[in-house]
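Peer 1: Contents of entry-v3.cif (mmCIF, C-alpha atoms):
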```
data_coords
loop_
_atom_site.label_atom_id
_atom_site.label_comp_id
_atom_site.auth_asym_id
_atom_site.auth_seq_id
_atom_site.Cartn_x
_atom_site.Cartn_y
_atom_site.Cartn_z
CA MET A 1 0.00 0.00 0.00
CA PRO A 2 1.92 3.11 -1.14
CA SER A 3 1.89 6.13 1.15
CA ALA A 4 1.71 9.77 0.11
CA ALA A 5 4.77 10.65 2.23
CA ALA A 6 7.82 11.64 0.21
CA ILE A 7 11.13 9.82 0.18
CA GLU A 8 14.07 11.95 1.30
CA SER A 9 15.49 13.90 -1.63
CA LEU A 10 19.01 12.91 -0.62
CA PHE A 11 18.11 9.26 -1.30
CA VAL A 12 16.76 10.13 -4.74
CA ASP A 13 19.82 12.23 -5.59
CA GLU A 14 22.25 9.53 -4.46
CA LEU A 15 20.36 6.79 -6.31
CA THR A 16 20.41 8.88 -9.47
CA ALA A 17 24.14 9.54 -9.11
CA ALA A 18 24.86 5.87 -8.40
CA THR A 19 22.92 4.77 -11.49
CA ARG A 20 24.67 7.24 -13.76
CA ASP A 21 28.07 6.21 -12.37
CA VAL A 22 27.41 2.49 -12.89
CA PHE A 23 26.28 3.06 -16.48
CA LYS A 24 29.27 5.26 -17.26
CA THR A 25 31.88 2.90 -15.82
CA MET A 26 30.45 -0.60 -16.37
CA VAL A 27 28.05 -0.22 -19.33
CA PHE A 28 30.25 2.35 -21.09
CA GLN A 29 27.24 4.50 -21.86
CA GLU A 30 25.98 7.73 -20.33
CA VAL A 31 22.31 7.82 -19.37
CA GLU A 32 20.25 10.98 -19.07
CA ALA A 33 18.40 11.35 -15.78
CA LEU A 34 14.78 12.50 -16.14
CA SER A 35 12.47 13.88 -13.45
CA PRO A 36 11.71 11.40 -10.62
CA ILE A 37 8.09 10.34 -10.18
CA ALA A 38 6.81 9.89 -6.63
CA GLY A 39 4.37 7.12 -5.75
CA ASP A 40 3.19 4.42 -8.12
CA THR A 41 1.22 6.50 -10.63
CA LYS A 42 3.64 5.46 -13.38
CA ARG A 43 4.12 1.74 -13.89
CA PRO A 44 7.05 0.94 -16.17
CA GLY A 45 6.19 -1.57 -18.86
CA ALA A 46 9.34 -3.51 -18.13
CA ASN A 47 10.19 -7.03 -19.29
CA VAL A 48 13.30 -7.31 -17.13
CA VAL A 49 13.34 -6.37 -13.45
CA GLY A 50 16.39 -6.62 -11.18
CA THR A 51 15.90 -6.25 -7.43
CA VAL A 52 18.21 -5.84 -4.42
CA ALA A 53 16.90 -5.47 -0.87
CA PHE A 54 18.64 -3.39 1.80
CA ALA A 55 18.15 -3.31 5.55
CA GLY A 56 19.38 -1.15 8.40
CA ARG A 57 18.01 2.03 9.95
CA THR A 58 16.34 2.38 6.57
CA SER A 59 15.01 -0.70 4.78
CA GLY A 60 13.66 -1.21 1.32
CA LEU A 61 14.38 -2.22 -2.25
CA VAL A 62 16.31 -0.92 -5.23
CA VAL A 63 14.55 -2.10 -8.39
CA PHE A 64 15.85 -1.79 -11.96
CA HIS A 65 13.29 -1.95 -14.81
CA SER A 66 13.97 -2.15 -18.54
CA SER A 67 12.64 -3.56 -21.78
CA MET A 68 14.12 -6.79 -23.12
CA ASP A 69 15.80 -4.91 -25.98
CA ALA A 70 17.45 -2.42 -23.61
CA ALA A 71 18.55 -5.24 -21.30
CA GLN A 72 20.18 -7.02 -24.24
CA ILE A 73 22.08 -3.86 -25.22
CA ILE A 74 23.22 -3.35 -21.62
CA THR A 75 24.29 -6.98 -21.27
CA ALA A 76 26.21 -6.90 -24.55
CA SER A 77 27.99 -3.70 -23.60
CA MET A 78 29.00 -5.04 -20.18
CA LEU A 79 30.35 -8.27 -21.69
CA GLY A 80 31.95 -6.70 -24.76
CA ILE A 81 29.88 -8.72 -27.24
CA ASP A 82 27.34 -7.98 -29.99
CA PRO A 83 23.72 -7.68 -28.75
CA VAL A 84 22.62 -10.40 -31.21
CA ASN A 85 24.97 -12.81 -29.41
CA VAL A 86 23.38 -12.26 -25.99
CA ASN A 87 21.72 -15.48 -24.92
CA GLY A 88 21.57 -16.81 -21.37
CA GLU A 89 23.81 -14.08 -19.96
CA LEU A 90 21.06 -11.48 -19.54
CA PRO A 91 19.72 -12.36 -16.05
CA ASP A 92 23.18 -12.50 -14.49
CA ALA A 93 24.23 -9.23 -16.14
CA ILE A 94 21.11 -7.36 -15.03
CA GLY A 95 21.49 -8.86 -11.55
CA GLU A 96 25.07 -7.63 -11.38
CA LEU A 97 24.05 -4.21 -12.73
CA THR A 98 21.36 -3.90 -10.05
CA ASN A 99 23.81 -5.13 -7.41
CA MET A 100 26.29 -2.41 -8.37
CA ILE A 101 23.63 0.33 -8.41
CA ALA A 102 22.39 -0.75 -4.96
CA GLY A 103 25.93 -1.16 -3.61
CA SER A 104 27.01 2.24 -4.86
CA PHE A 105 23.81 3.80 -3.50
CA ARG A 106 24.49 2.20 -0.11
CA THR A 107 28.04 3.57 -0.07
CA ARG A 108 26.88 7.06 -0.99
CA VAL A 109 24.22 7.09 1.74
CA ALA A 110 26.76 5.78 4.25
CA HIS A 111 29.07 8.68 3.43
CA ALA A 112 26.26 11.24 3.48
CA LYS A 113 24.33 10.09 6.56
CA GLY A 114 26.50 7.55 8.32
CA GLU A 115 23.86 4.85 7.85
CA MET A 116 25.20 1.32 7.34
CA TRP A 117 22.97 -1.15 5.51
CA ALA A 118 23.20 -4.81 4.66
CA ILE A 119 22.16 -5.66 1.11
CA SER A 120 20.81 -8.88 -0.34
CA VAL A 121 21.97 -10.83 -3.34
CA PRO A 122 20.20 -9.61 -6.50
CA TRP A 123 17.28 -11.40 -8.09
CA VAL A 124 15.95 -10.91 -11.60
CA THR A 125 12.45 -11.37 -13.02
CA VAL A 126 11.94 -11.71 -16.77
CA GLY A 127 8.38 -11.69 -18.12
CA PHE A 128 5.56 -9.63 -19.57
CA ASP A 129 2.79 -7.42 -18.20
CA PHE A 130 3.44 -7.76 -14.49
CA TYR A 131 3.38 -5.32 -11.59
CA THR A 132 4.76 -5.75 -8.07
CA ARG A 133 2.40 -4.82 -5.25
CA TYR A 134 3.64 -4.38 -1.67
CA VAL A 135 1.42 -5.25 1.24
CA SER A 136 3.28 -3.20 3.84
CA ASP A 137 3.21 0.59 4.04
CA VAL A 138 5.96 1.72 1.69
CA GLN A 139 6.93 4.83 -0.22
CA ARG A 140 8.05 4.58 -3.83
CA VAL A 141 9.90 6.89 -6.18
CA LEU A 142 10.59 6.02 -9.79
CA CYS A 143 13.73 7.51 -11.34
CA PRO A 144 13.57 7.44 -15.15
CA PHE A 145 16.68 7.45 -17.36
CA ARG A 146 17.09 7.68 -21.11
CA MET A 147 19.77 5.78 -23.02
CA LYS A 148 21.51 7.09 -26.14
CA ASN A 149 19.12 5.09 -28.35
CA LYS A 150 16.19 6.82 -26.54
CA ALA A 151 15.20 3.64 -24.69
CA GLU A 152 13.84 4.42 -21.21
CA LEU A 153 15.10 2.69 -18.07
CA PHE A 154 13.75 3.05 -14.57
CA VAL A 155 15.37 2.65 -11.18
CA GLU A 156 12.83 2.53 -8.41
CA LEU A 157 13.48 3.13 -4.73
CA ILE A 158 11.02 1.59 -2.29
CA VAL A 159 11.48 2.33 1.40
CA THR A 160 9.62 1.49 4.55
CA ARG A 161 7.59 4.27 6.12
CA SER A 162 10.00 4.85 9.03
CA ALA A 163 12.65 6.08 6.59
CA THR A 164 10.67 9.00 5.21
CA GLN A 165 10.56 12.52 6.58
CA MET B 1 51.11 -15.87 -15.78
CA ARG B 2 48.09 -17.71 -14.41
CA PHE B 3 45.11 -16.00 -12.78
CA LEU B 4 42.17 -17.21 -10.71
CA ILE B 5 38.92 -15.23 -10.70
CA VAL B 6 36.43 -16.12 -7.95
CA ASP B 7 33.00 -14.50 -8.38
CA ASP B 8 29.46 -15.85 -8.38
CA SER B 9 28.56 -13.48 -11.22
CA SER B 10 29.57 -14.84 -14.63
CA THR B 11 29.18 -11.28 -15.92
CA MET B 12 31.76 -9.92 -13.51
CA ARG B 13 34.13 -12.81 -14.29
CA ARG B 14 33.83 -11.98 -18.00
CA ILE B 15 34.46 -8.25 -17.39
CA ILE B 16 37.62 -9.05 -15.43
CA ILE B 17 38.76 -11.61 -18.03
CA ASN B 18 38.28 -8.99 -20.75
CA THR B 19 40.54 -6.64 -18.78
CA LEU B 20 43.17 -9.35 -18.28
CA ASN B 21 43.03 -10.27 -21.98
CA LYS B 22 43.65 -6.62 -22.90
CA LEU B 23 46.71 -6.72 -20.65
CA GLY B 24 47.95 -9.75 -22.58
CA HIS B 25 47.01 -12.39 -20.01
CA GLN B 26 45.14 -15.39 -21.42
CA ASP B 27 45.63 -18.07 -18.76
CA VAL B 28 42.64 -17.52 -16.45
CA ALA B 29 40.81 -20.04 -14.26
CA GLU B 30 37.31 -19.29 -12.95
CA ALA B 31 35.37 -20.26 -9.82
CA GLY B 32 31.83 -19.39 -8.69
CA ASN B 33 32.57 -19.21 -4.94
CA GLY B 34 35.33 -19.66 -2.39
CA ARG B 35 34.88 -23.42 -2.18
CA GLU B 36 35.31 -23.79 -5.93
CA GLY B 37 38.26 -21.41 -5.71
CA LEU B 38 40.03 -23.75 -3.28
CA ASP B 39 39.36 -26.64 -5.67
CA ARG B 40 40.97 -24.70 -8.52
CA LEU B 41 44.00 -23.91 -6.35
CA SER B 42 44.41 -27.58 -5.49
CA ALA B 43 45.07 -28.17 -9.20
CA GLY B 44 48.08 -25.84 -9.07
CA PRO B 45 49.21 -22.40 -7.88
CA VAL B 46 48.34 -19.12 -9.59
CA ASP B 47 50.12 -15.77 -9.79
CA LEU B 48 47.14 -13.63 -8.77
CA ILE B 49 43.73 -14.27 -7.22
CA ILE B 50 40.92 -11.81 -7.97
CA THR B 51 37.93 -12.44 -5.74
CA ASP B 52 34.49 -11.06 -4.91
CA TRP B 53 33.39 -10.75 -1.26
CA ASN B 54 29.71 -11.78 -1.15
CA MET B 55 29.31 -15.27 -2.58
CA PRO B 56 27.27 -18.37 -1.72
CA GLU B 57 28.80 -21.40 0.06
CA MET B 58 32.09 -19.67 0.94
CA SER B 59 32.55 -15.89 1.00
CA GLY B 60 35.59 -14.13 -0.36
CA ILE B 61 36.78 -13.29 3.14
CA ASP B 62 36.59 -16.92 4.30
CA PHE B 63 38.25 -18.01 1.07
CA ILE B 64 41.19 -15.64 1.59
CA ARG B 65 41.60 -16.66 5.23
CA THR B 66 41.79 -20.28 4.10
CA VAL B 67 44.25 -19.46 1.34
CA ARG B 68 46.51 -17.66 3.83
CA SER B 69 46.54 -20.79 5.99
CA MET B 70 47.64 -23.09 3.15
CA PRO B 71 51.47 -23.30 3.01
CA GLU B 72 51.67 -23.96 -0.73
CA VAL B 73 49.61 -20.89 -1.78
CA LYS B 74 49.68 -18.61 1.28
CA ASP B 75 51.80 -15.93 -0.41
CA THR B 76 49.64 -15.61 -3.53
CA PRO B 77 48.66 -11.95 -4.12
CA VAL B 78 44.93 -11.29 -3.73
CA LEU B 79 42.87 -8.47 -5.22
CA MET B 80 39.33 -8.09 -3.88
CA VAL B 81 36.59 -6.66 -6.15
CA THR B 82 33.38 -5.79 -4.31
CA THR B 83 30.62 -3.26 -3.69
CA ASN B 84 31.52 -3.31 0.04
CA ALA B 85 33.17 0.08 0.31
CA ALA B 86 32.82 1.03 3.97
CA LYS B 87 36.01 1.70 5.90
CA ASP B 88 35.27 -1.20 8.24
CA ASP B 89 34.87 -3.54 5.25
CA ILE B 90 38.23 -2.53 3.83
CA VAL B 91 39.93 -2.98 7.19
CA GLU B 92 38.38 -6.45 7.57
CA ALA B 93 39.52 -7.42 4.08
CA LEU B 94 43.07 -6.23 4.70
CA LYS B 95 43.17 -8.12 8.01
CA ALA B 96 42.03 -11.27 6.19
CA GLY B 97 44.98 -10.96 3.85
CA VAL B 98 43.80 -8.96 0.84
CA ASN B 99 46.65 -7.12 -0.88
CA SER B 100 44.53 -4.58 -2.74
CA TYR B 101 40.90 -3.60 -3.13
CA VAL B 102 38.72 -2.46 -6.05
CA VAL B 103 35.27 -1.03 -5.35
CA LYS B 104 32.52 -1.71 -7.91
CA PRO B 105 31.65 0.06 -10.15
CA PHE B 106 35.16 0.52 -11.56
CA THR B 107 36.64 1.75 -14.81
CA PRO B 108 38.83 -0.58 -16.92
CA ASP B 109 41.76 1.74 -16.17
CA THR B 110 41.24 1.37 -12.42
CA MET B 111 41.18 -2.40 -12.68
CA ARG B 112 44.29 -2.41 -14.89
CA GLU B 113 46.19 -0.14 -12.49
CA LYS B 114 45.27 -2.28 -9.46
CA ILE B 115 46.27 -5.52 -11.18
CA GLU B 116 49.58 -4.07 -12.32
CA ALA B 117 50.27 -2.63 -8.86
CA VAL B 118 49.64 -5.94 -7.10
CA LEU B 119 51.74 -7.88 -9.60
CA ALA B 120 54.60 -5.37 -9.24
CA ARG B 121 54.95 -6.06 -5.50
#
```
I need this file expressed as structure tokens, please.
Peer 2:
Amino acid sequence: MPSAAAIESLFVDELTAATRDVFKTMVFQEVEALSPIAGDTKRPGANVVGTVAFAGRTSGLVVFHSSMDAAQIITASMLGIDPVNVNGELPDAIGELTNMIAGSFRTRVAHAKGEMWAISVPWVTVGFDFYTRYVSDVQRVLCPFRMKNKAELFVELIVTRSATQ
Amino acid sequence: MRFLIVDDSSTMRRIIINTLNKLGHQDVAEAGNGREGLDRLSAGPVDLIITDWNMPEMSGIDFIRTVRSMPEVKDTPVLMVTTNAAKDDIVEALKAGVNSYVVKPFTPDTMREKIEAVLAR
């Protein structure tokens, strides 16, 4: 059940910076950050979703959403291969990408606020026309990004109510 | 030179192998966790171990502690590649016997410089 309370802007800024840094260094492609969308009014039509949970004083999820085509391009770029040659590597690559975004986000928050979090191993869902609903009281913010080929990606931050201001 | 990469992510192993290949190193063994890493070492020594921290079955830290207790491979240089970037994490890794540390995400140049620095010791 999403709440109307807003997620701290510092979290959104650090998640955006972490995502851009991971794409620049590990995917070898700059992504353009678009305006974050609070709540769950926008539901990305993603085919590939990578998730990493974090827990500490603040708990929640970092969720990466993309189309299958964008995930193939990202995977190919990370591995140094042609996108047409991407086969079974995609889930592991998107899992590692999500792991790095969440890990970098955690480090940035630790430096900014002194909060230390544990993070989970990543898990990846591949499918069509699905939406994740949360039964506990959470806040969500969706951070959209645009790749060079105009494909949209989304990194969503979901936090428990106690973490919001 | 022979290298051992220990990481549960096949993507990260491939990224590191690509970097090693660009440096002219082709002889690379792979393992998906610390336990598999010990199995690979039992087949023969390597010149450099590059390991992740968080892995199933045996973590990178436990793997390194075990390596440092094995007379035949205890002096093998170890480079740790991980998202664990807190000061306490780095201290723990160094205490376990890590020679150098790369925080993910990293640029190819950073990885190359760390590998060359560890090998030059």
Peer 1: I would like the residues chosen by the PyMOL selection byres ((chain A) within 6 of (chain B)) on the shown file; could you give them as a PyMOL selection string?
Peer 2: chain A and resi 22+25+79+93+103
Peer 1: Selection from above, C-alpha atoms, as an mmCIF file, in the frame of the given file, can you write it?
Peer 2:
```
data_model
loop_
_atom_site.group_PDB
_atom_site.id
_atom_site.type_symbol
_atom_site.label_atom_id
_atom_site.label_comp_id
_atom_site.auth_asym_id
_atom_site.auth_seq_id
_atom_site.Cartn_x
_atom_site.Cartn_y
_atom_site.Cartn_z
ATOM 1 C CA VAL A 22 27.410 2.490 -12.890
ATOM 2 C CA THR A 25 31.880 2.900 -15.820
ATOM 3 C CA LEU A 79 30.350 -8.270 -21.690
ATOM 4 C CA ALA A 93 24.230 -9.230 -16.140
ATOM 5 C CA GLY A 103 25.930 -1.160 -3.610
#
```
Peer 1: Could you list, as a PyMOL selection string, every residue within 12 Å of B:Ala93, counting only C-alpha atoms and ignoring same-chain residues fewer than 3 positions away?
Peer 2: chain B and resi 51-54+59-65+78-82+84-90+96-102
Peer 1: Considering all atoms listed in the file, return as JSON, numbers by chain whatever protein or nucleic-acid residues lie within 8 Å of B:Val67, sequence-local ones (same chain, fewer than 5 positions apart) excluded.
Peer 2: {"B": [38, 73, 74]}
Peer 1: Decode the PyMOL selection byres ((chain A and resi 109-118) around 12) for the given file into explicit residues and return them as a ChimeraX atom specification.
Peer 2: /A:8-18,52-61,102-108,119-121,163 /B:54,83-89
Peer 1: Given all atoms listed in the file as the basis, pick out the residue of B:Leu20, B:Ile50, B:Ala43, B:Met1 nearest to B:Arg112.
Peer 2: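 Comparing B:Leu20, B:Ile50, B:Ala43, B:Met1 against B:Arg112, the winner is B:Leu20.
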Peer 1: Identify all residues satisfying the PyMOL selection byres ((chain B and resi 5) around 7) in the given file; provide them as a list in words.
Peer 2: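 Those residues are Phe3, Leu4, Val6, Asp7, Arg13, Ala29, Glu30, Ala31, Ile49, Ile50 and Thr51 of chain B.
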